[in-house]
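Undergrad: Below is the file my_file-v3.txt, with compact mmCIF, C-alpha atoms.
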```
# COMPACT_ATOMS: atom_id res chain seq x y z
CA MET G 1108 -6.11 -20.06 12.90
CA GLY G 1109 -7.69 -17.47 15.17
CA LYS G 1110 -11.23 -17.15 16.42
CA VAL G 1111 -13.76 -15.94 13.87
CA LEU G 1112 -15.18 -12.57 14.90
CA THR G 1113 -18.08 -10.56 13.57
CA ALA G 1114 -16.87 -7.13 12.48
CA ILE G 1115 -18.45 -4.06 10.96
CA GLY G 1116 -16.34 -1.84 8.73
CA LEU G 1117 -17.03 1.88 8.27
CA MET G 1118 -15.53 3.81 5.37
CA SER G 1119 -15.87 7.48 4.46
CA GLY G 1120 -13.57 8.00 1.50
CA THR G 1121 -11.98 10.92 -0.33
CA SER G 1122 -15.12 11.44 -2.40
CA MET G 1123 -16.86 12.52 0.84
CA ASP G 1124 -20.25 11.37 -0.39
CA GLY G 1125 -21.27 9.29 2.60
CA ILE G 1126 -20.59 6.28 4.83
CA ASP G 1127 -20.21 2.72 3.54
CA VAL G 1128 -21.01 0.00 6.08
CA ALA G 1129 -20.27 -3.71 5.73
CA LEU G 1130 -20.34 -6.77 7.97
CA VAL G 1131 -17.71 -9.50 7.72
CA GLU G 1132 -17.15 -12.67 9.72
CA THR G 1133 -13.42 -13.31 9.74
CA ASP G 1134 -10.41 -14.57 11.64
CA GLY G 1135 -8.43 -11.70 10.13
CA ASP G 1136 -6.47 -14.20 8.07
CA THR G 1137 -7.77 -16.92 5.75
CA ILE G 1138 -11.47 -16.99 6.68
CA VAL G 1139 -13.66 -14.29 5.12
CA ARG G 1140 -17.43 -14.55 5.09
CA ARG G 1141 -18.98 -11.43 3.61
CA GLY G 1142 -22.28 -10.27 5.04
CA PRO G 1143 -24.72 -7.43 4.31
CA SER G 1144 -23.61 -3.94 3.36
CA ALA G 1145 -25.18 -0.52 2.87
CA GLY G 1146 -24.36 3.07 2.04
CA TYR G 1147 -25.67 6.18 3.79
CA ALA G 1148 -25.24 9.48 1.96
CA TYR G 1149 -24.20 12.73 3.58
CA ASP G 1150 -26.51 15.68 3.14
CA ALA G 1151 -25.20 18.57 1.05
CA ALA G 1152 -24.66 20.83 4.07
CA PHE G 1153 -22.45 18.25 5.78
CA ARG G 1154 -20.44 17.70 2.60
CA ASP G 1155 -19.81 21.45 2.57
CA ARG G 1156 -18.58 21.22 6.15
CA LEU G 1157 -16.19 18.43 5.16
CA LYS G 1158 -14.80 20.59 2.37
CA GLN G 1159 -14.26 23.39 4.84
CA GLY G 1160 -12.53 20.89 7.08
CA LEU G 1161 -10.05 20.10 4.31
CA ASP G 1162 -9.12 23.78 4.15
CA ASP G 1163 -8.83 24.07 7.92
CA ALA G 1164 -6.61 20.98 8.02
CA LYS G 1165 -3.95 22.54 5.80
CA SER G 1166 -2.46 24.30 8.82
CA ILE G 1167 -2.04 21.07 10.84
CA ARG G 1168 1.54 20.28 11.84
CA LYS G 1169 0.84 17.62 14.52
CA ARG G 1170 -1.66 14.78 14.22
CA ASP G 1171 -3.72 15.76 17.26
CA GLU G 1172 -4.30 19.37 16.19
CA ARG G 1173 -7.88 20.30 15.30
CA PRO G 1174 -7.84 23.90 14.04
CA GLY G 1175 -10.86 25.86 12.87
CA THR G 1176 -14.00 23.78 12.48
CA LEU G 1177 -12.28 20.40 12.84
CA ALA G 1178 -13.06 19.67 16.50
CA ASP G 1179 -16.81 20.14 16.01
CA LEU G 1180 -16.64 18.37 12.66
CA GLU G 1181 -14.90 15.36 14.21
CA ARG G 1182 -17.61 15.01 16.84
CA ASP G 1183 -20.46 15.32 14.33
CA LEU G 1184 -18.75 12.94 11.89
CA SER G 1185 -18.41 10.35 14.65
CA LEU G 1186 -22.06 10.72 15.63
CA ARG G 1187 -23.12 10.26 12.01
CA HIS G 1188 -21.10 7.06 11.88
CA ALA G 1189 -22.79 5.90 15.09
CA ASP G 1190 -26.20 6.59 13.54
CA ALA G 1191 -25.16 4.64 10.42
CA VAL G 1192 -24.24 1.63 12.57
CA LYS G 1193 -27.54 1.77 14.46
CA ILE G 1194 -29.57 2.00 11.24
CA PHE G 1195 -27.54 -0.80 9.65
CA LEU G 1196 -28.13 -3.10 12.63
CA LEU G 1197 -31.87 -2.32 12.61
CA GLU G 1198 -32.21 -2.85 8.85
CA ASN G 1199 -30.47 -6.23 9.07
CA ASN G 1200 -32.17 -7.44 12.28
CA LEU G 1201 -28.86 -7.56 14.13
CA LEU G 1202 -28.20 -6.96 17.82
CA GLN G 1203 -25.18 -4.90 18.79
CA ASP G 1204 -23.94 -7.57 21.19
CA THR G 1205 -23.50 -9.95 18.24
CA VAL G 1206 -20.86 -7.62 16.77
CA ASP G 1207 -17.37 -8.00 18.22
CA VAL G 1208 -15.67 -4.94 16.76
CA ILE G 1209 -16.06 -1.95 14.46
CA GLY G 1210 -13.27 -0.96 12.08
CA PHE G 1211 -13.53 2.84 11.84
CA HIS G 1212 -11.66 4.60 9.05
CA GLY G 1213 -12.75 8.15 9.80
CA GLN G 1214 -12.36 10.97 7.29
CA THR G 1215 -8.94 11.78 5.88
CA VAL G 1216 -8.50 15.55 6.02
CA LEU G 1217 -4.74 15.67 5.49
CA HIS G 1218 -2.24 13.22 4.03
CA ARG G 1219 1.39 14.28 3.65
CA PRO G 1220 3.42 11.08 3.46
CA ASP G 1221 6.67 12.92 2.75
CA GLU G 1222 6.26 14.59 6.15
CA ALA G 1223 5.11 11.37 7.85
CA LEU G 1224 1.84 13.14 8.61
CA THR G 1225 -1.64 11.73 8.08
CA VAL G 1226 -4.83 12.84 9.82
CA GLN G 1227 -8.13 10.95 9.86
CA ILE G 1228 -10.69 12.70 12.02
CA GLY G 1229 -13.01 10.40 13.94
CA ASP G 1230 -13.42 9.86 17.67
CA GLY G 1231 -13.18 6.11 18.27
CA HIS G 1232 -14.09 6.42 21.95
CA LEU G 1233 -17.23 8.43 21.18
CA LEU G 1234 -18.22 5.85 18.56
CA ALA G 1235 -17.72 3.03 21.07
CA ARG G 1236 -19.85 4.83 23.66
CA GLU G 1237 -22.64 5.53 21.18
CA THR G 1238 -22.76 2.04 19.65
CA LEU G 1239 -21.74 -0.03 22.71
CA ILE G 1240 -19.32 -1.92 20.44
CA ASP G 1241 -15.52 -2.05 20.63
CA VAL G 1242 -13.86 0.12 17.99
CA VAL G 1243 -10.48 -0.09 16.25
CA TYR G 1244 -9.53 3.21 14.64
CA ASP G 1245 -6.55 5.31 13.51
CA MET G 1246 -5.07 2.42 11.56
CA ARG G 1247 -2.63 4.38 9.37
CA ALA G 1248 -0.46 6.08 12.01
CA ASN G 1249 1.70 3.14 13.05
CA ASP G 1250 2.62 2.44 9.45
CA MET G 1251 3.96 5.98 9.07
CA ALA G 1252 5.80 5.69 12.38
CA HIS G 1253 7.71 2.80 10.81
CA GLY G 1254 8.61 4.58 7.59
CA GLY G 1255 5.52 3.76 5.51
CA GLN G 1256 3.33 5.96 3.36
CA GLY G 1257 0.24 5.23 5.46
CA ALA G 1258 -1.61 3.94 2.40
CA PRO G 1259 -2.94 1.83 0.87
CA LEU G 1260 -4.02 -0.54 3.65
CA ILE G 1261 -6.67 -2.50 1.74
CA PRO G 1262 -4.14 -4.86 0.03
CA ALA G 1263 -4.14 -7.30 2.96
CA TYR G 1264 -7.85 -7.81 2.29
CA HIS G 1265 -7.35 -8.03 -1.47
CA ALA G 1266 -4.87 -10.84 -0.89
CA ALA G 1267 -7.44 -12.73 1.21
CA LEU G 1268 -10.04 -12.35 -1.55
CA ALA G 1269 -7.55 -13.41 -4.24
CA ARG G 1270 -6.99 -16.72 -2.46
CA ASP G 1271 -10.69 -17.51 -2.80
CA LEU G 1272 -10.77 -16.42 -6.45
CA SER G 1273 -7.71 -18.34 -7.60
CA GLU G 1274 -9.77 -21.28 -8.89
CA SER G 1275 -12.06 -19.11 -11.03
CA SER G 1276 -11.86 -19.67 -14.78
CA GLU G 1277 -12.43 -15.93 -15.23
CA ILE G 1278 -9.07 -15.12 -13.65
CA GLU G 1279 -5.83 -14.92 -15.58
CA ALA G 1280 -2.82 -14.34 -13.36
CA PRO G 1281 -1.30 -12.15 -12.21
CA VAL G 1282 -4.29 -10.42 -10.64
CA ALA G 1283 -4.58 -6.74 -9.80
CA PHE G 1284 -7.36 -5.23 -7.72
CA VAL G 1285 -8.03 -1.61 -8.66
CA ASN G 1286 -10.09 0.60 -6.41
CA ILE G 1287 -11.32 3.71 -8.20
CA GLY G 1288 -12.43 6.00 -5.40
CA GLY G 1289 -11.49 9.64 -5.00
CA ILE G 1290 -7.92 8.41 -5.43
CA SER G 1291 -7.27 5.17 -7.31
CA ASN G 1292 -5.03 2.44 -5.95
CA ILE G 1293 -3.80 -0.86 -7.31
CA THR G 1294 -2.92 -4.12 -5.55
CA PHE G 1295 -0.82 -6.69 -7.41
CA ILE G 1296 -1.01 -10.30 -6.24
CA GLY G 1297 2.03 -12.07 -7.65
CA THR G 1298 3.30 -15.62 -7.36
CA GLY G 1299 3.81 -16.92 -3.85
CA GLU G 1300 1.20 -14.38 -2.65
CA ALA G 1301 3.68 -11.53 -2.96
CA ILE G 1302 1.75 -8.27 -2.55
CA ILE G 1303 2.69 -4.98 -4.18
CA ALA G 1304 0.36 -2.01 -3.84
CA TYR G 1305 0.33 1.74 -4.24
CA ASP G 1306 -1.86 4.66 -5.19
CA SER G 1307 -2.13 4.76 -8.96
CA GLY G 1308 -3.39 8.28 -9.59
CA PRO G 1309 -6.47 10.49 -9.46
CA GLY G 1310 -9.72 8.58 -9.40
CA ASN G 1311 -13.10 10.27 -9.27
CA THR G 1312 -11.95 13.37 -7.40
CA LEU G 1313 -11.03 15.46 -10.43
CA ILE G 1314 -14.25 14.58 -12.27
CA ASP G 1315 -16.33 15.31 -9.17
CA GLN G 1316 -14.62 18.66 -8.62
CA TRP G 1317 -15.01 19.58 -12.28
CA VAL G 1318 -18.74 18.85 -12.62
CA GLU G 1319 -19.55 20.36 -9.24
CA ALA G 1320 -17.77 23.59 -10.14
CA HIS G 1321 -19.29 23.87 -13.62
CA ALA G 1322 -22.62 22.04 -13.42
CA GLY G 1323 -23.49 22.30 -9.72
CA ILE G 1324 -23.84 18.53 -9.26
CA PRO G 1325 -21.65 16.33 -7.02
CA TYR G 1326 -20.58 13.78 -9.65
CA ASP G 1327 -21.07 12.66 -13.24
CA GLN G 1328 -23.69 9.94 -12.75
CA GLY G 1329 -23.19 7.09 -15.19
CA GLY G 1330 -20.68 9.17 -17.14
CA MET G 1331 -23.56 11.00 -18.84
CA ILE G 1332 -21.72 14.32 -19.11
CA ALA G 1333 -18.51 12.69 -20.27
CA SER G 1334 -20.41 10.75 -22.93
CA GLU G 1335 -21.23 14.04 -24.65
CA GLY G 1336 -17.61 15.19 -24.81
CA SER G 1337 -14.29 14.36 -26.45
CA VAL G 1338 -10.83 13.68 -25.04
CA LEU G 1339 -8.55 16.71 -25.30
CA PRO G 1340 -5.12 15.11 -25.86
CA GLU G 1341 -3.04 18.06 -24.66
CA LEU G 1342 -5.04 18.42 -21.46
CA ALA G 1343 -4.89 14.68 -20.81
CA GLU G 1344 -1.13 14.57 -21.34
CA ARG G 1345 -0.67 17.47 -18.95
CA TYR G 1346 -1.91 15.17 -16.20
CA LEU G 1347 -0.23 11.98 -17.43
CA ALA G 1348 3.14 13.72 -17.72
CA HIS G 1349 3.07 14.43 -13.97
CA PRO G 1350 6.29 13.22 -12.25
CA PHE G 1351 4.15 10.94 -10.08
CA PHE G 1352 3.82 8.50 -12.98
CA SER G 1353 7.47 8.42 -14.04
CA SER G 1354 9.12 8.44 -10.61
CA ASP G 1355 10.71 5.17 -9.51
CA LYS G 1356 9.40 5.82 -6.00
CA ARG G 1357 5.75 5.02 -5.47
CA ARG G 1358 4.01 7.38 -3.06
CA SER G 1359 0.52 7.77 -1.66
CA LEU G 1360 -1.54 10.70 -2.82
CA ASP G 1361 -3.55 13.46 -1.20
CA ARG G 1362 -6.63 14.68 -3.04
CA ASN G 1363 -4.86 18.03 -3.52
CA ASP G 1364 -1.89 16.55 -5.42
CA PHE G 1365 -3.82 16.91 -8.69
CA ALA G 1366 -5.99 19.97 -9.35
CA PRO G 1367 -8.96 20.16 -11.73
CA PRO G 1368 -8.52 22.10 -14.99
CA ALA G 1369 -9.15 25.81 -15.24
CA ALA G 1370 -12.54 26.81 -16.63
CA ALA G 1371 -10.89 28.05 -19.84
CA ASP G 1372 -9.24 24.68 -20.50
CA ALA G 1373 -12.34 22.81 -21.64
CA SER G 1374 -16.09 22.78 -22.01
CA LEU G 1375 -18.05 20.97 -19.32
CA GLU G 1376 -18.43 17.87 -21.48
CA ASP G 1377 -14.89 17.77 -22.87
CA GLY G 1378 -13.47 18.32 -19.39
CA ALA G 1379 -15.46 15.42 -17.94
CA ARG G 1380 -14.53 13.18 -20.88
CA THR G 1381 -10.84 14.03 -20.65
CA LEU G 1382 -10.71 13.49 -16.90
CA ALA G 1383 -12.45 10.11 -17.28
CA HIS G 1384 -9.73 9.14 -19.74
CA VAL G 1385 -7.04 10.37 -17.35
CA THR G 1386 -8.51 8.21 -14.57
CA ALA G 1387 -8.24 5.10 -16.76
CA ALA G 1388 -4.88 5.92 -18.33
CA ALA G 1389 -3.34 6.72 -14.94
CA ILE G 1390 -3.99 3.15 -13.80
CA LEU G 1391 -2.14 1.66 -16.78
CA ARG G 1392 0.74 4.13 -16.47
CA SER G 1393 1.16 3.24 -12.84
CA ALA G 1394 0.93 -0.48 -13.63
CA ARG G 1395 4.20 -0.14 -15.54
CA HIS G 1396 5.97 -0.08 -12.18
CA LEU G 1397 4.75 -3.60 -11.35
CA PRO G 1398 7.01 -6.64 -11.86
CA LYS G 1399 4.66 -7.79 -14.63
CA MET G 1400 1.60 -6.30 -16.30
CA PRO G 1401 -1.57 -7.85 -14.80
CA GLY G 1402 -3.55 -10.45 -16.69
CA THR G 1403 -6.76 -9.54 -14.86
CA TYR G 1404 -7.85 -6.21 -13.39
CA ILE G 1405 -10.68 -6.49 -10.84
CA ILE G 1406 -12.33 -3.09 -10.49
CA CYS G 1407 -14.10 -1.83 -7.40
CA GLY G 1408 -15.06 1.57 -6.04
CA GLY G 1409 -17.43 4.16 -7.47
CA GLY G 1410 -15.42 4.62 -10.66
CA ARG G 1411 -16.51 1.23 -11.96
CA LEU G 1412 -20.04 2.66 -12.31
CA ASN G 1413 -18.79 5.19 -14.89
CA PRO G 1414 -18.98 3.32 -18.22
CA ILE G 1415 -16.68 5.86 -19.89
CA ILE G 1416 -13.88 5.12 -17.42
CA MET G 1417 -14.48 1.38 -17.72
CA ARG G 1418 -14.50 1.45 -21.52
CA ASP G 1419 -11.22 3.34 -21.69
CA LEU G 1420 -9.70 1.11 -19.04
CA ALA G 1421 -10.74 -2.07 -20.86
CA SER G 1422 -9.29 -0.81 -24.13
CA LEU G 1423 -5.99 0.24 -22.58
CA ALA G 1424 -5.71 -3.00 -20.58
CA GLU G 1425 -6.42 -5.11 -23.66
CA ALA G 1426 -3.64 -3.33 -25.54
CA ALA G 1427 -1.31 -4.31 -22.68
CA GLY G 1428 -2.43 -7.95 -22.69
CA GLY G 1429 -4.94 -7.80 -19.83
CA ARG G 1430 -8.67 -7.90 -19.25
CA VAL G 1431 -10.93 -5.84 -17.01
CA LEU G 1432 -13.69 -7.25 -14.80
CA ALA G 1433 -15.99 -5.37 -12.48
CA ALA G 1434 -15.97 -6.87 -8.98
CA GLU G 1435 -19.57 -8.04 -9.39
CA ALA G 1436 -18.58 -10.33 -12.28
CA LEU G 1437 -16.73 -12.42 -9.69
CA GLY G 1438 -19.44 -12.33 -7.03
CA LEU G 1439 -17.81 -9.47 -5.09
CA ASN G 1440 -19.31 -6.12 -4.11
CA GLY G 1441 -17.40 -3.19 -5.58
CA ASP G 1442 -19.26 -0.67 -3.43
CA SER G 1443 -18.60 -2.28 -0.06
CA MET G 1444 -15.10 -3.69 -0.55
CA GLU G 1445 -13.30 -0.91 1.31
CA ALA G 1446 -15.73 -1.08 4.23
CA GLU G 1447 -15.30 -4.87 4.26
CA ALA G 1448 -11.55 -4.33 4.31
CA TRP G 1449 -11.80 -2.10 7.36
CA ALA G 1450 -13.77 -4.80 9.17
CA TYR G 1451 -11.11 -7.36 8.23
CA LEU G 1452 -8.27 -5.04 9.25
CA ALA G 1453 -9.90 -4.38 12.62
CA VAL G 1454 -9.75 -8.11 13.41
CA ARG G 1455 -6.16 -8.28 12.18
CA SER G 1456 -5.37 -5.36 14.48
CA LEU G 1457 -6.89 -7.14 17.48
CA ARG G 1458 -4.76 -10.18 16.67
CA GLY G 1459 -1.60 -8.13 16.17
CA LEU G 1460 -1.31 -9.24 12.54
CA PRO G 1461 0.28 -6.97 9.92
CA LEU G 1462 -1.88 -4.34 8.24
CA SER G 1463 0.86 -3.20 5.89
CA TYR G 1464 4.02 -4.53 4.28
CA PRO G 1465 7.19 -3.19 2.64
CA GLY G 1466 5.63 -3.91 -0.77
CA THR G 1467 2.41 -2.06 -0.03
CA THR G 1468 3.28 1.12 1.85
CA GLY G 1469 7.07 1.07 1.90
CA VAL G 1470 7.12 0.36 5.62
CA THR G 1471 10.45 -1.00 6.87
CA GLN G 1472 8.90 -4.30 8.03
CA PRO G 1473 5.38 -5.78 8.24
CA VAL G 1474 3.54 -3.91 10.98
CA SER G 1475 0.16 -4.01 12.67
CA GLY G 1476 -1.61 -0.86 13.79
CA GLY G 1477 -4.78 0.74 15.04
CA ARG G 1478 -5.98 1.94 18.41
CA ARG G 1479 -8.70 0.22 20.39
CA ALA G 1480 -11.58 1.99 22.09
CA ALA G 1481 -13.47 -0.39 24.38
CA ARG G 1482 -17.21 -0.32 24.74
CA PRO G 1483 -18.35 1.07 28.11
CA LYS G 1484 -18.85 -1.88 30.46
CA ASP G 1485 -21.27 -0.06 32.75
CA ALA G 1486 -23.61 0.67 29.87
CA LEU G 1487 -23.66 -3.00 28.92
CA LYS G 1488 -24.51 -4.01 32.49
CA ALA G 1489 -27.33 -1.47 32.52
CA GLN G 1490 -28.72 -2.96 29.32
CA GLY G 1491 -28.51 -6.48 30.67
```
Let me see the file written as structure tokens.
TA:
Amino acid sequence: MGKVLTAIGLMSGTSMDGIDVALVETDGDTIVRRGPSAGYAYDAAFRDRLKQGLDDAKSIRKRDERPGTLADLERDLSLRHADAVKIFLLENNLLQDTVDVIGFHGQTVLHRPDEALTVQIGDGHLLARETLIDVVYDMRANDMAHGGQGAPLIPAYHAALARDLSESSEIEAPVAFVNIGGISNITFIGTGEAIIAYDSGPGNTLIDQWVEAHAGIPYDQGGMIASEGSVLPELAERYLAHPFFSSDKRRSLDRNDFAPPAAADASLEDGARTLAHVTAAAILRSARHLPKMPGTYIICGGGRLNPIIMRDLASLAEAAGGRVLAAEALGLNGDSMEAEAWAYLAVRSLRGLPLSYPGTTGVTQPVSGGRRAARPKDALKAQG
């Protein structure tokens, strides 16, 4: 058992809506004590800059390249994360010297696992200087260097949570955690704590892109638009027939692997309803590649707040012999789980423990990862 550290996790996901912050006390192994969490939204202008960054990143061939707007964007993104940490500490009456490490995800602007190329912009050294806290960042690269897909990394944290939930009467094994973010991913906790995980398909990204393009709003809050529409079977099957779902090889996804429908394909409402169904159905289709269909699906991420997705998912899971529970039904926080995971992974990184496994990313052997940026010692002396 290692020393319990206090860690803050920072997550800015593929939905690009803001920064999730969470505090965890953990030894990076069996001890997990979840603390406060918060979310800080990006302003519309910065979200537009992130979208431009995705376009600029398409020309990247080496991980350290920052073409177009990316260099300035990386700096401003890092400063926004620093501000989020400072606000979070102030709101929770915490001093920075009580925090041992920050787990910094950064913003994924390019993910091409078939080319062993993944790029998360975010300057860990700048963040450490601004917050005066050690930072662990760039946690996906070492996985890819050892033959992995670079994602998902959250399964190590899911496994830690599953150990604490195993006594719950609500849980029927085997358990699967499903994170419905921009991209959805699934973690299967089998007998003997065997972990299998992979991206399961498009999450909220397609719906967000659809309603933003045709209604001028960033997402379908509460599934209100989808609730007015109907599923278009041919359009849905066009997505679900994608080779991603039938291939024996599981691979991680980039947000550009699935494109939103053309304007002529559907009305606003029918498009949103169909894409909500695709989000749910994709999870069950991908679950077919597991050793056994899950008995319990624990849902986290923003998609769990869309009742249309959750209703479809519950119906499809029930037909396959499973049940669906939102994370909150088990005392977990579905909004902060990824940020919590990045705090947990940062401590694992400091201890040299594995962040990924052959069953989660396809890496050749369990590997650790992450780079450490130390807080500036001189600044701490000046404060003291």
Undergrad: Skip Glu1277 (chain G) itself and residues of its chain fewer than 5 positions away, then list as a PDB file with C-alpha atoms, keeping the file's coordinate frame all residues within 12 Å of it, counting all atoms listed in the file.
TA:
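Below is the file result-v5.pdb, written as the result:
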```
ATOM      1  CA  LEU G1272     -10.770 -16.420  -6.450  1.00  0.00           C
ATOM      2  CA  VAL G1282      -4.290 -10.420 -10.640  1.00  0.00           C
ATOM      3  CA  GLY G1402      -3.550 -10.450 -16.690  1.00  0.00           C
ATOM      4  CA  THR G1403      -6.760  -9.540 -14.860  1.00  0.00           C
ATOM      5  CA  TYR G1404      -7.850  -6.210 -13.390  1.00  0.00           C
ATOM      6  CA  ILE G1405     -10.680  -6.490 -10.840  1.00  0.00           C
ATOM      7  CA  GLY G1429      -4.940  -7.800 -19.830  1.00  0.00           C
ATOM      8  CA  ARG G1430      -8.670  -7.900 -19.250  1.00  0.00           C
ATOM      9  CA  VAL G1431     -10.930  -5.840 -17.010  1.00  0.00           C
ATOM     10  CA  LEU G1432     -13.690  -7.250 -14.800  1.00  0.00           C
ATOM     11  CA  ALA G1433     -15.990  -5.370 -12.480  1.00  0.00           C
ATOM     12  CA  ALA G1434     -15.970  -6.870  -8.980  1.00  0.00           C
ATOM     13  CA  ALA G1436     -18.580 -10.330 -12.280  1.00  0.00           C
ATOM     14  CA  LEU G1437     -16.730 -12.420  -9.690  1.00  0.00           C
ATOM     15  CA  GLY G1438     -19.440 -12.330  -7.030  1.00  0.00           C
TER      16      GLY G1438
END
```
Undergrad: Neighbouring residues of region 1126-1142 of chain G were defined as those with any atom within 7 Å, considering only C-alpha atoms; residues of the same chain fewer than 6 positions away were excluded. Please report them as a count of residues only.
TA: 21
Undergrad: So how far away is CA of Ala1191 (chain G) from CA of Gly1257 (chain G), in Å?
TA: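 Result for CA of Gly1257 (chain G) versus CA of Ala1191 (chain G): 25.9 Å, one decimal.
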Undergrad: Starting from the point (2.9, -4.9, -5.3), work out which residues of protein, DNA or RNA have an atom no more than 12 Å away when counting all atoms listed in the file; state them as an MDAnalysis selection string.
TA: chainID G and resid 1259 1262:1263 1265:1266 1281:1285 1292:1298 1300:1307 1357 1393:1401 1463:1469
Undergrad: Between G:Ile1240, G:Leu1412, G:Met1251, G:Leu1439, which residue has the minimum interatomic distance to Gly1210 (chain G), considering all atoms listed in the file?
TA: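 Nearest candidate to Gly1210 (chain G) out of G:Ile1240, G:Leu1412, G:Met1251, G:Leu1439: G:Ile1240.
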Undergrad: Rank nothing, just name the residue among G:His1384, G:Arg1358, G:Arg1458, G:Arg1219 nearest to Ser1166 (chain G), using all atoms listed in the file.
TA: G:Arg1219
Undergrad: Could you jot down the CA of Met1246 (chain G) to CA of Pro1473 (chain G) separation for me, Å, one decimal place?
TA: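 Computing the Euclidean distance for CA of Met1246 (chain G) and CA of Pro1473 (chain G) yields 13.7 Å.
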Undergrad: Could you work out how far CA of Thr1312 (chain G) lies from CA of Gln1227 (chain G), giving the answer in Å with one decimal?
TA: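 Result for CA of Gln1227 (chain G) versus CA of Thr1312 (chain G): 17.8 Å, one decimal.
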Undergrad: Out of G:Asp1183, G:Asp1241, G:Asp1372, G:Asp1315, which residue has the shortest atom-to-atom distance to Lys1484 (chain G) when counting all atoms listed in the file?
TA: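 For Lys1484 (chain G), the nearest of the given residues is G:Asp1241.
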Undergrad: Any idea what's packed within 7 Å of Val1242 (chain G), counting all atoms listed in the file, ignoring anything in its chain fewer than 6 positions away? Could you give it as a PyMOL selection string?
TA: chain G and resi 1208-1211+1231+1235+1479-1481
Undergrad: Excluding Leu1313 (chain G) and its own-chain neighbours fewer than 3 positions away, which residues fall within 12 Å of it when counting all atoms listed in the file? Please give them as a PyMOL selection string.
TA: chain G and resi 1121-1122+1287-1291+1308-1310+1316-1320+1325-1327+1346+1362-1369+1378-1386+1410
Undergrad: Find the residue from G:Leu1342, G:Ala1252, G:Ala1388, G:Ala1189 that sits nearest to Val1474 (chain G); use all atoms listed in the file when measuring.
TA: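 Closest residue, counting all atoms listed in the file: G:Ala1252.
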Undergrad: For Gly1330 (chain G), which of G:Ala1145, G:Met1417, G:Ile1261, G:Leu1197 is the closest residue, counting all atoms listed in the file?
TA: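 Using all atoms listed in the file, Gly1330 (chain G) sits closest to G:Met1417.
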Undergrad: Name all residues at most 12 Å from Arg1156 (chain G) (count only C-alpha atoms; drop same-chain ones fewer than 3 positions away) and give them as a list of chain:residue names.
TA: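 Here the qualifying residues turn out to be G:Met1123, G:Asp1124, G:Tyr1149, G:Asp1150, G:Ala1151, G:Ala1152, G:Phe1153, G:Gln1159, G:Gly1160, G:Leu1161, G:Asp1162, G:Asp1163, G:Gly1175, G:Thr1176, G:Leu1177, G:Ala1178, G:Asp1179, G:Leu1180, G:Glu1181, G:Asp1183, G:Leu1184, G:Val1216.
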